[in-house]
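K.L.:
Would you mind keeping the following structure in view while I ask a few things?
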Amino acid sequence: MSRSPFLENAIMDVLWTTDMPLTPGGVQERLPEERRVEYTTVMTVLARLWKKGRLTRERDGRAYAYRPVLNRSEHAARRMEEILETAGDRSTALARFTEQLSASERKKLRAFLEHE
């Protein structure tokens, strides 16, 4: 099994928790110990995320510094929309999703929908 999605998520977590663009070295040093990988691996994953449109980048000396395009909540909302596009029956998928929410989460969702 590939560890790529887990590493992508760990790298995105690092970028979401800082207010500035980070170079591959900056990302690498902030990765949790259990996700620590070689510099070139971080550089490859960052380039892949940039090609996917999840990051912007700017020159920082000889390297690029990366920043997320969307914040964590916006990214989660986009991912949910992408998943719903593949569901076939969106209503059923949404119903199954809401069944798994806690009572307090359903209450918050209901309040949000009523105030829209």
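Residues in the structure tokens are named by chain (A, B, ... in the order shown) and by number from 1 within that chain; ligands are numbered from 1 in the order shown.
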I'd like the contact shell of Ser73 (chain A) - 12 Å cut-off, only C-alpha atoms, skipping same-chain residues fewer than 6 positions apart - returned as an mmCIF file with C-alpha atoms, in the first residue's frame.
P.N.:
```cif
data_model
loop_
_atom_site.group_PDB
_atom_site.id
_atom_site.type_symbol
_atom_site.label_atom_id
_atom_site.label_comp_id
_atom_site.auth_asym_id
_atom_site.auth_seq_id
_atom_site.Cartn_x
_atom_site.Cartn_y
_atom_site.Cartn_z
ATOM 1 C CA ASP A 13 -1.226 19.665 7.935
ATOM 2 C CA TRP A 16 -2.097 24.667 7.279
ATOM 3 C CA ARG A 79 -13.225 17.041 -1.078
ATOM 4 C CA MET A 80 -16.768 16.302 0.121
#
```
K.L.:
Which neighbours of Asp19 (chain A) fall inside 12 Å, counting only C-alpha atoms, when residues of the same chain fewer than 2 positions from it are skipped, and could you give them as a list in words?
P.N.:
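Neighbouring residues, sequence-local ones excluded: Val14, Leu15, Trp16, Thr17, Pro21, Leu22, Tyr66, Arg67, Pro68 and Asn71 of chain A.
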K.L.:
Take the residues that were just selected and, keeping C-alpha atoms, output them as a short mmCIF file (atom, residue, chain, number, x, y, z; two decimals), in the first residue's frame.
P.N.:
```
data_model
loop_
_atom_site.label_atom_id
_atom_site.label_comp_id
_atom_site.auth_asym_id
_atom_site.auth_seq_id
_atom_site.Cartn_x
_atom_site.Cartn_y
_atom_site.Cartn_z
CA VAL A 14 2.19 21.29 8.26
CA LEU A 15 1.31 23.96 5.69
CA TRP A 16 -2.10 24.67 7.28
CA THR A 17 -0.49 25.30 10.66
CA PRO A 21 5.04 29.73 2.68
CA LEU A 22 7.47 26.91 3.43
CA TYR A 66 4.67 26.48 -0.93
CA ARG A 67 1.36 27.64 0.52
CA PRO A 68 -2.09 25.97 0.47
CA ASN A 71 -7.65 26.61 4.15
#
```
K.L.:
Pick the closest to Pro24 (chain A) from A:Leu49, A:Met12, A:Val37, A:Ala63: which is it, counting only C-alpha atoms?
P.N.:
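Residue with the minimum atom-to-atom distance to Pro24 (chain A): A:Ala63.
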K.L.:
Residues near Ile11 (chain A), anyone? I mean within 8 Å using only C-alpha atoms, not counting same-chain ones fewer than 6 positions away, as a list in words.
P.N.:
Val27, Leu31, Val42 and Leu46 of chain A
K.L.:
Could the residues in this selection be saved with N, CA and C atoms as a short mmCIF file (atom, residue, chain, number, x, y, z; two decimals), in the first residue's frame?
P.N.:
```
data_model
loop_
_atom_site.label_atom_id
_atom_site.label_comp_id
_atom_site.auth_asym_id
_atom_site.auth_seq_id
_atom_site.Cartn_x
_atom_site.Cartn_y
_atom_site.Cartn_z
N VAL A 27 9.22 22.34 5.48
CA VAL A 27 8.17 21.34 5.67
C VAL A 27 8.76 20.10 6.34
N LEU A 31 7.57 18.13 9.97
CA LEU A 31 6.80 16.89 9.93
C LEU A 31 6.93 16.15 11.25
N VAL A 42 9.90 14.88 0.21
CA VAL A 42 9.06 16.05 0.52
C VAL A 42 8.94 16.93 -0.71
N LEU A 46 5.45 17.83 -2.59
CA LEU A 46 5.04 19.22 -2.74
C LEU A 46 4.78 19.56 -4.21
#
```
K.L.:
Assign secondary structure with DSSP using the backbone only, and return the residues of chain A in strand (DSSP E or B) as a PyMOL selection string.
P.N.:
chain A and resi 22+55-60+63-68
K.L.:
Can I get the selected residues back with N, CA and C atoms, as a PDB file, in the first residue's frame?
P.N.:
```pdb
ATOM      1  N   LEU A  22       6.342  27.708   2.957  1.00  0.00           N
ATOM      2  CA  LEU A  22       7.475  26.914   3.427  1.00  0.00           C
ATOM      3  C   LEU A  22       8.180  26.230   2.266  1.00  0.00           C
ATOM      4  N   LEU A  55      -1.648  23.652  -3.998  1.00  0.00           N
ATOM      5  CA  LEU A  55      -0.672  24.587  -3.458  1.00  0.00           C
ATOM      6  C   LEU A  55      -0.314  25.645  -4.490  1.00  0.00           C
ATOM      7  N   THR A  56       0.096  26.802  -3.996  1.00  0.00           N
ATOM      8  CA  THR A  56       0.762  27.793  -4.838  1.00  0.00           C
ATOM      9  C   THR A  56       2.232  27.746  -4.444  1.00  0.00           C
ATOM     10  N   ARG A  57       3.080  28.271  -5.306  1.00  0.00           N
ATOM     11  CA  ARG A  57       4.502  28.299  -4.958  1.00  0.00           C
ATOM     12  C   ARG A  57       5.125  29.576  -5.482  1.00  0.00           C
ATOM     13  N   GLU A  58       6.181  29.970  -4.799  1.00  0.00           N
ATOM     14  CA  GLU A  58       6.952  31.160  -5.185  1.00  0.00           C
ATOM     15  C   GLU A  58       8.423  30.857  -4.944  1.00  0.00           C
ATOM     16  N   ARG A  59       9.261  31.504  -5.706  1.00  0.00           N
ATOM     17  CA  ARG A  59      10.702  31.300  -5.557  1.00  0.00           C
ATOM     18  C   ARG A  59      11.153  31.814  -4.193  1.00  0.00           C
ATOM     19  N   ASP A  60      12.027  31.039  -3.580  1.00  0.00           N
ATOM     20  CA  ASP A  60      12.662  31.426  -2.326  1.00  0.00           C
ATOM     21  C   ASP A  60      14.121  30.992  -2.444  1.00  0.00           C
ATOM     22  N   ALA A  63      15.100  27.397  -4.083  1.00  0.00           N
ATOM     23  CA  ALA A  63      13.973  26.478  -3.885  1.00  0.00           C
ATOM     24  C   ALA A  63      12.646  27.215  -4.110  1.00  0.00           C
ATOM     25  N   TYR A  64      11.579  26.478  -4.059  1.00  0.00           N
ATOM     26  CA  TYR A  64      10.246  27.050  -4.047  1.00  0.00           C
ATOM     27  C   TYR A  64       9.707  26.990  -2.630  1.00  0.00           C
ATOM     28  N   ALA A  65       8.900  27.967  -2.282  1.00  0.00           N
ATOM     29  CA  ALA A  65       8.172  27.958  -1.013  1.00  0.00           C
ATOM     30  C   ALA A  65       6.698  27.763  -1.359  1.00  0.00           C
ATOM     31  N   TYR A  66       6.031  26.908  -0.625  1.00  0.00           N
ATOM     32  CA  TYR A  66       4.667  26.484  -0.934  1.00  0.00           C
ATOM     33  C   TYR A  66       3.685  26.965   0.127  1.00  0.00           C
ATOM     34  N   ARG A  67       2.451  27.196  -0.348  1.00  0.00           N
ATOM     35  CA  ARG A  67       1.359  27.642   0.523  1.00  0.00           C
ATOM     36  C   ARG A  67       0.075  26.984   0.011  1.00  0.00           C
ATOM     37  N   PRO A  68      -0.818  26.566   0.919  1.00  0.00           N
ATOM     38  CA  PRO A  68      -2.090  25.968   0.472  1.00  0.00           C
ATOM     39  C   PRO A  68      -2.959  26.985  -0.266  1.00  0.00           C
TER      40      PRO A  68
END
```
K.L.:
Could you state the separation of CA of Glu82 (chain A) and CA of Arg54 (chain A) in Å, given to one decimal place?
P.N.:
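Separation between CA of Glu82 (chain A) and CA of Arg54 (chain A): 13.8 Å.
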K.L.:
CA of Arg36 (chain A) to CA of Leu7 (chain A): how many Å, to one decimal?
P.N.:
9.0 Å
K.L.:
Just the number, please: distance in Å from CA of Gly26 (chain A) to CA of Tyr39 (chain A), one decimal.
P.N.:
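The value is 9.7 Å.
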